[in-house]
There are 4 protein chains.
Amino acid sequence: MKIAVIGGGSTYMPELMEGLLKHHNKMDLQEVYLLDLKDSTKFKTVAELCIRMVEKADNPFDLKYGYESADALTDADFIIQQYRPGLIEGRINDEKIPLKYSSIGQETTGAGGFACGLRGFPVVEKYIEAIRKWAKPNAKVINFTNPSGMISEFAVHYLEYENFYGLCNIPVNMIQGIAESFNTEREAVFLRYYGLNHMSWVDGVWVNGEDITSKALKEVYKPENIPESAEFEELAMEMQMILNPYLRYYYLTREMLKEEIESAAEKGTRGEQVRKIEKELVAKYSRKDLDKKPEELSQRGGSMYSTAAVELIRDLCNNDNRLHIINTKNNGAVENLPSDYVLEINTVVSKDAAKPVTIGNADKRTTGLIHTIKNFERLTIESYTQNSTTKAKQALMLHPLAPKGKELDEMIKDLLDSNSKLMKNVS
Amino acid sequence: MKIAVIGGGSTYMPELMEGLLKHHNKMDLQEVYLLDLKDSTKFKTVAELCIRMVEKADNPFDLKYGYESADALTDADFIIQQYRPGLIEGRINDEKIPLKYSSIGQETTGAGGFACGLRGFPVVEKYIEAIRKWAKPNAKVINFTNPSGMISEFAVHYLEYENFYGLCNIPVNMIQGIAESFNTEREAVFLRYYGLNHMSWVDGVWVNGEDITSKALKEVYKPENIPESAEFEELAMEMQMILNPYLRYYYLTREMLKEEIESAAEKGTRGEQVRKIEKELVAKYSRKDLDKKPEELSQRGGSMYSTAAVELIRDLCNNDNRLHIINTKNNGAVENLPSDYVLEINTVVSKDAAKPVTIGNADKRTTGLIHTIKNFERLTIESYTQNSTTKAKQALMLHPLAPKGKELDEMIKDLLDSNSKLMKNVS
Amino acid sequence: MKIAVIGGGSTYMPELMEGLLKHHNKMDLQEVYLLDLKDSTKFKTVAELCIRMVEKADNPFDLKYGYESADALTDADFIIQQYRPGLIEGRINDEKIPLKYSSIGQETTGAGGFACGLRGFPVVEKYIEAIRKWAKPNAKVINFTNPSGMISEFAVHYLEYENFYGLCNIPVNMIQGIAESFNTEREAVFLRYYGLNHMSWVDGVWVNGEDITSKALKEVYKPENIPESAEFEELAMEMQMILNPYLRYYYLTREMLKEEIESAAEKGTRGEQVRKIEKELVAKYSRKDLDKKPEELSQRGGSMYSTAAVELIRDLCNNDNRLHIINTKNNGAVENLPSDYVLEINTVVSKDAAKPVTIGNADKRTTGLIHTIKNFERLTIESYTQNSTTKAKQALMLHPLAPKGKELDEMIKDLLDSNSKLMKNVS
Amino acid sequence: MKIAVIGGGSTYMPELMEGLLKHHNKMDLQEVYLLDLKDSTKFKTVAELCIRMVEKADNPFDLKYGYESADALTDADFIIQQYRPGLIEGRINDEKIPLKYSSIGQETTGAGGFACGLRGFPVVEKYIEAIRKWAKPNAKVINFTNPSGMISEFAVHYLEYENFYGLCNIPVNMIQGIAESFNTEREAVFLRYYGLNHMSWVDGVWVNGEDITSKALKEVYKPENIPESAEFEELAMEMQMILNPYLRYYYLTREMLKEEIESAAEKGTRGEQVRKIEKELVAKYSRKDLDKKPEELSQRGGSMYSTAAVELIRDLCNNDNRLHIINTKNNGAVENLPSDYVLEINTVVSKDAAKPVTIGNADKRTTGLIHTIKNFERLTIESYTQNSTTKAKQALMLHPLAPKGKELDEMIKDLLDSNSKLMKNVS
């Protein structure tokens, strides 16, 4: 069994490695191959830390790293994608440019998500082609590349690569939080969870078969990159739904925009903060005496990201039928949404596949936004596949977080120019 | 054959009367009954002008007026609804209150539409009950009461009165404009038209069987109450769709808001202008020597409103299979929208019914907004049927033209208070 | 305006010609071209009678005939298909072979329909290709070639030729019968009609807007080729539906089979009778002094076949929005049947297209059979497109009128052998 | 935790008891209550054998028996239904009467299933009412009462009792057979299984994640009551599907009918054989020294019936997410079948519920029959709820195994008379 990691130079890598070292025998793991860009010194530093970690554990599997897709992907059973086309500079642009037009700047949604997606598509397309060529016939792709939902829509619907699982750490954190509050384990929790990546709702919570929805509403996972808000918590109570923290962008847009502007002025955008944290992390990683995941990595965010990925791979290697919330084709699971939409929903996972579990209808307070943002995603993808700026505009005209009118035209030009500069060097 | 007009004191009435006088024999019309509030001097003035008009035409049918539902509705075949619960003051509030919260103020959409709908529901409910009691078994209701789409949803979906036809003068004006441009008659024009009332799109235009969509894009009807905009016309070109003029509120929100604020400051809101126009009109109507529709009525807006209503009634009395665009249950006509949504779509009209004509899928640039606003309508209706302020908030949380956060809470309170004052005297 | 008739040597031709002579000016007809096989003496006889008919009417349009597709189809606006691949011998086999296996023998349904379809597909495919090459861009095909429903499914769904209208004379006869009974004209009658060709139901009848369903149940059209049956009429009463006469094959299978066997022994199958009638007709046609449709043609059956075709063409040339019941893609008209099924349903016809009119759900007594026979059609088509005997068997395993088990295997071999002999000479 | 068994006097009871004794601690079982008719000596014999079995196991839970619903159902968590309204005589009639009309006689399908359903509905209705009154709020019903599919449709769709699980031993036997052939355990097997009870297909089989469909086609479970058939096995190969053994009635009707007639003449119908076996079993059970399930019970049929029930209850008491194939509302699991059909499909089972798992579209060779038989079920149910013989006839007119025409009328009368006599004494 072989896992290839595209974007193996990510500073998150030690966490993933820790997870693989913990669960390797439940997946009969024999080889892990880290792939990244040749000119990245960060990659070498990260990879060597990982090697020290594996050695410390008495080499339960081979760990290799390199720069050629063929080497990484040949005979791979699983491919983890966690690269960032345009690097951290791309993310910073996604955050800063929309702000110039009085709009939310965020790498996974709104205008920023749009720009981030456009950087990602050609790279994803290239790698899916390589995976089809080199990897095992039914190789499964686990995706963290942002915007994870739109990238999954692209891979599943447009590239027709069905074994593609878009992952996010939010669902697993929600479940973990509820399990802790109710003194139980994650397996005892069921969420009636649906929507898109970073735009999802939970309108029913069961613990050990008991409906505890109203008690669980406050157990919202609060990621470090989204500020807390008493008003948002009240909304959850009023709606009687657990809200994905990213919904604050939609439900409290003006407040969030104000916060973003102030925060950017004060301490830089989240991307600028991350750039600084990463630099410090890499310095830390380069110490030859470090042979485990350093404490500081937790500041980087991404809580339980390794859990989400490693447990999904583990469960795709067994017949334990555990539930995982992933981005995959709806297939009838949410009855009043089209069957071909890629959604973030519950699936039951075993060796043959991750199969969506039916939950009936989505609430009428959610379907309009789901259709809107899914069609925004598809128009964005079509603006790539058809190389059309008109499509790009029509995508953003749908998005409630984008500006309108002339400002929209100007912002699109700005975003496309910046992407074009960033991607010049990507082959 | 008897037609009852609820809201017979409307200043539009002479136009409707002119239409009825023109087409009465194609519908075998015997009686028209105008119903309105007893304490309205305007009603008496309007009714007496109408009587003079009918007399001038040698009384081709009986014209009566009065204040009792039983008198008006007994044995009616058709009921035209054109009342305005809360009167013109209601409309002015719908326009002014949202502006206080930096949001679009408009009586048929956004927060204003919400307030206007809530004033209308109890009155519509009362009249539908009376119609069920007094009118002929399959009596058909032609509705102009605003917001016409939401009122139709309420009557068809919640009150289950299926013979309810929500009308608007925009579709017929679009068709008329295209017919004129192409030197033909309305019957030769087919629009692939769909959406909700005041939020609709045309993505295909045929004249005499020829697809002339791209040539027709500029033939947009421009109602007097929505300012023209070069940018909006460009949008239609980019989208390759004829856009309902009210879509300017959605596509160019900031610009429209700016215009609304300036215009309100300068010359009053549209409602305030209409109040003034109406006063002048009523003065005119009261002249005993006036026995026809006065020229000045055209300033009031509502071009072809009488055409829409009278021709629909005429075609429901014959087997000519003419097409009418009305608000009715989708029923499969737009394939990728739920069958039970009341939509503004093409129907083929004959004696038995107006049956929606299939057009396939709605464009993906439109479906998200349609779902969003339809669910906004339904939540607004449920806030009435369940008497729930929470539902009211959740309705407006969906609406892209409403404010968010604390401003939303405050505005809702403001709107509900103002409605409550206006409706105190309505039994 | 040019009409090409493929199968112009049909003995029905004088009736079609009569219709064209009656309505030519409502369609601005300039040329009719009859196409058929060169070695057919019947064709020459029929064509010359038609020429005499046109001459008698002072040549209101050109009538030509010949043997080359290019000549016939070039610049054609409409193409009428009424050829019979395998000729009358094919039909006789369709009737006789199934009887050997104690199964219904009929050219449009069951095992006979299956064999008839397989003879038709390659010919239809060839002509659709020629039409795409030679005819006007949006040329419309009017189809009478049997089995008309399956041929329409093939053309629309598999060949993707959407301007294809499968016609039958049963719907127009039903309407005519009801109009006569109720002393009105066809335009005043609306049928809630749906199903497949030769397998359809009417569960609502309106005359001049009044629901007269229960009174109309006995007004069933009785074609000459299906024996009358008191029991079948009782079924219609019990079901409160007008039943397509061909439903007798499904609802009273044993009785119909008995009748078929007896009738075949006594006076030959319907095909054998038709062969005799045709011979006599052609002899009649060859008389040079005959210049109109002879009385005897009515014995041939096909009442109002010309009406169905000519009025459809006329209405596709005008904007009169008349309703026609044709075989076309459902498109949402019948809500609980898949949108891509070709069904026999109401459409509203004007210059741009024939658009299906929504009627809501099909009755639950009909949907199972519709799905079954539609899937039988599709599997039959796939047995042709994939050249697969396995698919052929799976098609017939679905059909309630086909034998089962070993008898099925034997009958399929028998049918395919007979088709293969018949089609050897068709290029 | 309390389980009530309605029909506790069934001769199958010792097998169920064996299963409960094996798994009781995984479900924390405290009480089992057997309910049956007071005048049944068989019940007393069966109950006392069960008591001896529980005593032998040192009384891990209380076992009680009695005749009052209130006693049995009060505070029950699970209710197993396995009664047979009309007793074995009902079944024998279901088998014999249709044979008189040259039609398949079988208690779960065709005309026999129809009669059996009609006997069951009033009894099921009475018990569901009692369960709503006495049992725990979310009490779950496990149903074996025949015809299990139609009874489930009735309970779920018409009585709106959603926690109703129609069980059958065929799916678990299929899985067990495949697991044995491939030397693995049941958890490693996934079947793409769908359809109705006793009319289902498997068009994909995975063992440990590998698609082994074509190898598994012969692993059909062969219940003792359906004769083997080489031809049927060939059909499975041709269709590339595992076929529910009851599909022989549909695919090889004539052969099955012949076999039924011969077998009935020779050794009596299956019901008559069962009556004899049961008599012998009860004699055996009455021996006071018997304290375990006797070997002879296996002749009775119903292999793994206890496994199906006990494991489902066990898994509804835990969070192990095991898959069970049960009769439950589709809910989107099979995309091209209506969401409200009760189907026999895969569900993932945990403490909160059994949730259907999505599998995409049903094969086009299956959907027609599924719609037909589901609508037959619904019309049969409506003939009960509306007390309508017309509905009864319309139900059977749909069924491919029922006679047609006059024979149908006569058979319905015969079946209803016989039911009426049998049910006279049931309150």
# chains A, B, ... in the order shown; residues from 1 in each chain; ligands from 1
$ interface_residues --of "chain B" --to "chain A" --cutoff "6 Å" --atoms "only C-alpha atoms" --output "MDAnalysis selection string"
chainID B and resid 252 364 368 371:372 375 404:405
$ write_last_selection --atoms "C-alpha atoms" --output "compact mmCIF listing (two decimals), in the first residue's frame"
# COMPACT_ATOMS: atom_id res chain seq x y z
CA LEU B 252 -26.75 46.84 -9.38
CA LYS B 364 -27.90 28.17 -13.96
CA GLY B 368 -30.11 30.13 -7.09
CA HIS B 371 -34.88 29.33 -4.92
CA THR B 372 -33.70 32.03 -2.54
CA ASN B 375 -38.06 30.45 0.06
CA LYS B 404 -28.01 41.92 8.14
CA GLY B 405 -27.24 41.53 11.82
$ residues_around --residues "D:Leu415" --least-positions-apart "5" --cutoff "12 Å" --atoms "only C-alpha atoms" --output "count of residues only"
32
$ residues_around --residues "C:Val207" --least-positions-apart "5" --cutoff "12 Å" --atoms "only C-alpha atoms" --output "PDB file with N, CA and C atoms, in the first residue's frame"
ATOM      1  N   ASN B 318     -62.803  31.490 -24.193  1.00  0.00           N
ATOM      2  CA  ASN B 318     -62.800  30.996 -25.558  1.00  0.00           C
ATOM      3  C   ASN B 318     -61.825  29.831 -25.688  1.00  0.00           C
ATOM      4  N   ASN B 319     -61.743  29.255 -26.874  1.00  0.00           N
ATOM      5  CA  ASN B 319     -60.806  28.148 -27.100  1.00  0.00           C
ATOM      6  C   ASN B 319     -59.731  28.539 -28.089  1.00  0.00           C
ATOM      7  N   SER B 350     -57.267  28.375 -22.369  1.00  0.00           N
ATOM      8  CA  SER B 350     -58.529  28.099 -23.043  1.00  0.00           C
ATOM      9  C   SER B 350     -59.613  28.012 -21.974  1.00  0.00           C
ATOM     10  N   LYS B 351     -60.801  27.558 -22.386  1.00  0.00           N
ATOM     11  CA  LYS B 351     -61.924  27.604 -21.450  1.00  0.00           C
ATOM     12  C   LYS B 351     -61.686  26.792 -20.193  1.00  0.00           C
ATOM     13  N   ASP B 352     -60.985  25.649 -20.300  1.00  0.00           N
ATOM     14  CA  ASP B 352     -60.848  24.826 -19.106  1.00  0.00           C
ATOM     15  C   ASP B 352     -59.797  25.337 -18.128  1.00  0.00           C
ATOM     16  N   ALA B 353     -58.720  25.949 -18.615  1.00  0.00           N
ATOM     17  CA  ALA B 353     -57.661  26.372 -17.699  1.00  0.00           C
ATOM     18  C   ALA B 353     -56.539  27.079 -18.434  1.00  0.00           C
TER      19      ALA B 353
ATOM     20  N   ILE C 175     -60.714  12.757 -30.487  1.00  0.00           N
ATOM     21  CA  ILE C 175     -61.209  14.127 -30.342  1.00  0.00           C
ATOM     22  C   ILE C 175     -62.392  14.361 -31.267  1.00  0.00           C
ATOM     23  N   GLN C 176     -62.268  13.896 -32.497  1.00  0.00           N
ATOM     24  CA  GLN C 176     -63.342  14.058 -33.471  1.00  0.00           C
ATOM     25  C   GLN C 176     -64.619  13.383 -32.974  1.00  0.00           C
ATOM     26  N   ILE C 178     -65.554  12.727 -29.909  1.00  0.00           N
ATOM     27  CA  ILE C 178     -66.146  13.467 -28.791  1.00  0.00           C
ATOM     28  C   ILE C 178     -66.786  14.758 -29.295  1.00  0.00           C
ATOM     29  N   ALA C 179     -66.096  15.457 -30.194  1.00  0.00           N
ATOM     30  CA  ALA C 179     -66.650  16.699 -30.746  1.00  0.00           C
ATOM     31  C   ALA C 179     -68.007  16.420 -31.389  1.00  0.00           C
ATOM     32  N   GLU C 180     -68.086  15.338 -32.152  1.00  0.00           N
ATOM     33  CA  GLU C 180     -69.358  15.005 -32.807  1.00  0.00           C
ATOM     34  C   GLU C 180     -70.442  14.697 -31.779  1.00  0.00           C
ATOM     35  N   SER C 181     -70.098  13.888 -30.789  1.00  0.00           N
ATOM     36  CA  SER C 181     -71.100  13.539 -29.772  1.00  0.00           C
ATOM     37  C   SER C 181     -71.623  14.761 -29.047  1.00  0.00           C
ATOM     38  N   PHE C 182     -70.769  15.727 -28.863  1.00  0.00           N
ATOM     39  CA  PHE C 182     -71.181  16.891 -28.087  1.00  0.00           C
ATOM     40  C   PHE C 182     -71.497  18.092 -28.987  1.00  0.00           C
ATOM     41  N   ASN C 183     -71.692  17.786 -30.272  1.00  0.00           N
ATOM     42  CA  ASN C 183     -72.095  18.833 -31.217  1.00  0.00           C
ATOM     43  C   ASN C 183     -71.208  20.060 -31.191  1.00  0.00           C
ATOM     44  N   THR C 184     -69.951  19.828 -31.205  1.00  0.00           N
ATOM     45  CA  THR C 184     -69.046  20.974 -31.206  1.00  0.00           C
ATOM     46  C   THR C 184     -67.899  20.673 -32.163  1.00  0.00           C
ATOM     47  N   GLU C 185     -66.901  21.532 -32.158  1.00  0.00           N
ATOM     48  CA  GLU C 185     -65.782  21.303 -33.067  1.00  0.00           C
ATOM     49  C   GLU C 185     -64.582  20.811 -32.259  1.00  0.00           C
ATOM     50  N   ARG C 186     -63.606  20.262 -32.942  1.00  0.00           N
ATOM     51  CA  ARG C 186     -62.457  19.676 -32.245  1.00  0.00           C
ATOM     52  C   ARG C 186     -61.757  20.670 -31.331  1.00  0.00           C
ATOM     53  N   GLU C 187     -61.700  21.941 -31.713  1.00  0.00           N
ATOM     54  CA  GLU C 187     -60.998  22.953 -30.927  1.00  0.00           C
ATOM     55  C   GLU C 187     -61.586  23.097 -29.513  1.00  0.00           C
ATOM     56  N   ALA C 188     -62.841  22.690 -29.353  1.00  0.00           N
ATOM     57  CA  ALA C 188     -63.510  22.856 -28.056  1.00  0.00           C
ATOM     58  C   ALA C 188     -63.225  21.704 -27.091  1.00  0.00           C
ATOM     59  N   VAL C 189     -62.490  20.693 -27.591  1.00  0.00           N
ATOM     60  CA  VAL C 189     -62.264  19.482 -26.785  1.00  0.00           C
ATOM     61  C   VAL C 189     -60.835  19.468 -26.243  1.00  0.00           C
ATOM     62  N   PHE C 190     -60.693  19.228 -24.950  1.00  0.00           N
ATOM     63  CA  PHE C 190     -59.346  18.989 -24.408  1.00  0.00           C
ATOM     64  C   PHE C 190     -59.310  17.641 -23.716  1.00  0.00           C
ATOM     65  N   LEU C 191     -58.311  16.831 -24.121  1.00  0.00           N
ATOM     66  CA  LEU C 191     -58.124  15.523 -23.488  1.00  0.00           C
ATOM     67  C   LEU C 191     -56.895  15.558 -22.588  1.00  0.00           C
ATOM     68  N   ARG C 192     -57.038  15.076 -21.368  1.00  0.00           N
ATOM     69  CA  ARG C 192     -55.858  14.814 -20.532  1.00  0.00           C
ATOM     70  C   ARG C 192     -55.312  13.461 -20.991  1.00  0.00           C
ATOM     71  N   ILE C 212     -66.388  16.724 -18.754  1.00  0.00           N
ATOM     72  CA  ILE C 212     -67.437  15.758 -19.121  1.00  0.00           C
ATOM     73  C   ILE C 212     -66.853  14.348 -19.212  1.00  0.00           C
ATOM     74  N   THR C 213     -65.816  14.109 -18.417  1.00  0.00           N
ATOM     75  CA  THR C 213     -65.094  12.838 -18.517  1.00  0.00           C
ATOM     76  C   THR C 213     -66.022  11.632 -18.494  1.00  0.00           C
ATOM     77  N   SER C 214     -66.868  11.583 -17.472  1.00  0.00           N
ATOM     78  CA  SER C 214     -67.639  10.349 -17.315  1.00  0.00           C
ATOM     79  C   SER C 214     -68.603  10.139 -18.475  1.00  0.00           C
ATOM     80  N   LYS C 215     -69.039  11.244 -19.090  1.00  0.00           N
ATOM     81  CA  LYS C 215     -69.941  11.095 -20.236  1.00  0.00           C
ATOM     82  C   LYS C 215     -69.211  10.665 -21.509  1.00  0.00           C
ATOM     83  N   ALA C 216     -67.902  10.889 -21.542  1.00  0.00           N
ATOM     84  CA  ALA C 216     -67.164  10.666 -22.793  1.00  0.00           C
ATOM     85  C   ALA C 216     -66.560   9.273 -22.881  1.00  0.00           C
TER      86      ALA C 216
END
$ atom_distance --atom1 "atom CA of B:Ile3" --atom2 "atom CA of B:Met53"
16.7 Å
$ atom_distance --atom1 "atom CA of A:Ser339" --atom2 "atom CA of D:Asp340"
16.6 Å
$ atom_distance --atom1 "atom CA of D:Asn387" --atom2 "atom CA of D:Glu125"
14.5 Å
$ select_by_dssp --residues "stretch 123-346 of chain B" --states "helix (DSSP H, G or I)" --output "PyMOL selection string"
chain B and resi 123-134+148-158+170-181+186-188+213-216+230-239+245-251+253-267+270-285+295-300+305-316
$ residues_around --residues "D:Tyr341" --least-positions-apart "6" --cutoff "8 Å" --atoms "only C-alpha atoms" --output "VMD selection string"
chain D and resid 153 329 to 330 374
$ decode --residues "stretch 62-75 of chain A" --atoms "N, CA and C atoms" --output "PDB file, in the first residue's frame"
ATOM      1  N   ASP A  62       8.305   2.715   4.364  1.00  0.00           N
ATOM      2  CA  ASP A  62       9.311   3.528   3.665  1.00  0.00           C
ATOM      3  C   ASP A  62       8.823   4.953   3.498  1.00  0.00           C
ATOM      4  N   LEU A  63       9.684   5.903   3.733  1.00  0.00           N
ATOM      5  CA  LEU A  63       9.345   7.287   3.425  1.00  0.00           C
ATOM      6  C   LEU A  63      10.328   7.814   2.388  1.00  0.00           C
ATOM      7  N   LYS A  64       9.794   8.245   1.242  1.00  0.00           N
ATOM      8  CA  LYS A  64      10.671   8.790   0.205  1.00  0.00           C
ATOM      9  C   LYS A  64      10.198  10.189  -0.145  1.00  0.00           C
ATOM     10  N   TYR A  65      11.095  10.972  -0.776  1.00  0.00           N
ATOM     11  CA  TYR A  65      10.607  12.232  -1.318  1.00  0.00           C
ATOM     12  C   TYR A  65      11.327  12.573  -2.613  1.00  0.00           C
ATOM     13  N   GLY A  66      10.711  13.399  -3.430  1.00  0.00           N
ATOM     14  CA  GLY A  66      11.312  13.725  -4.711  1.00  0.00           C
ATOM     15  C   GLY A  66      10.445  14.694  -5.495  1.00  0.00           C
ATOM     16  N   TYR A  67      10.804  14.878  -6.781  1.00  0.00           N
ATOM     17  CA  TYR A  67      10.217  15.978  -7.554  1.00  0.00           C
ATOM     18  C   TYR A  67       9.473  15.507  -8.809  1.00  0.00           C
ATOM     19  N   GLU A  68       9.485  14.211  -9.072  1.00  0.00           N
ATOM     20  CA  GLU A  68       8.888  13.717 -10.309  1.00  0.00           C
ATOM     21  C   GLU A  68       7.544  13.038 -10.030  1.00  0.00           C
ATOM     22  N   SER A  69       6.522  13.454 -10.737  1.00  0.00           N
ATOM     23  CA  SER A  69       5.198  12.853 -10.574  1.00  0.00           C
ATOM     24  C   SER A  69       5.259  11.346 -10.772  1.00  0.00           C
ATOM     25  N   ALA A  70       5.977  10.903 -11.788  1.00  0.00           N
ATOM     26  CA  ALA A  70       6.028   9.472 -12.078  1.00  0.00           C
ATOM     27  C   ALA A  70       6.516   8.706 -10.864  1.00  0.00           C
ATOM     28  N   ASP A  71       7.580   9.200 -10.226  1.00  0.00           N
ATOM     29  CA  ASP A  71       8.113   8.508  -9.047  1.00  0.00           C
ATOM     30  C   ASP A  71       7.089   8.469  -7.927  1.00  0.00           C
ATOM     31  N   ALA A  72       6.463   9.610  -7.708  1.00  0.00           N
ATOM     32  CA  ALA A  72       5.529   9.699  -6.582  1.00  0.00           C
ATOM     33  C   ALA A  72       4.282   8.866  -6.818  1.00  0.00           C
ATOM     34  N   LEU A  73       3.756   8.912  -8.038  1.00  0.00           N
ATOM     35  CA  LEU A  73       2.408   8.381  -8.273  1.00  0.00           C
ATOM     36  C   LEU A  73       2.389   6.916  -8.701  1.00  0.00           C
ATOM     37  N   THR A  74       3.508   6.420  -9.219  1.00  0.00           N
ATOM     38  CA  THR A  74       3.491   5.046  -9.733  1.00  0.00           C
ATOM     39  C   THR A  74       3.004   4.071  -8.667  1.00  0.00           C
ATOM     40  N   ASP A  75       1.936   3.357  -9.024  1.00  0.00           N
ATOM     41  CA  ASP A  75       1.339   2.344  -8.147  1.00  0.00           C
ATOM     42  C   ASP A  75       0.790   2.880  -6.833  1.00  0.00           C
TER      43      ASP A  75
END
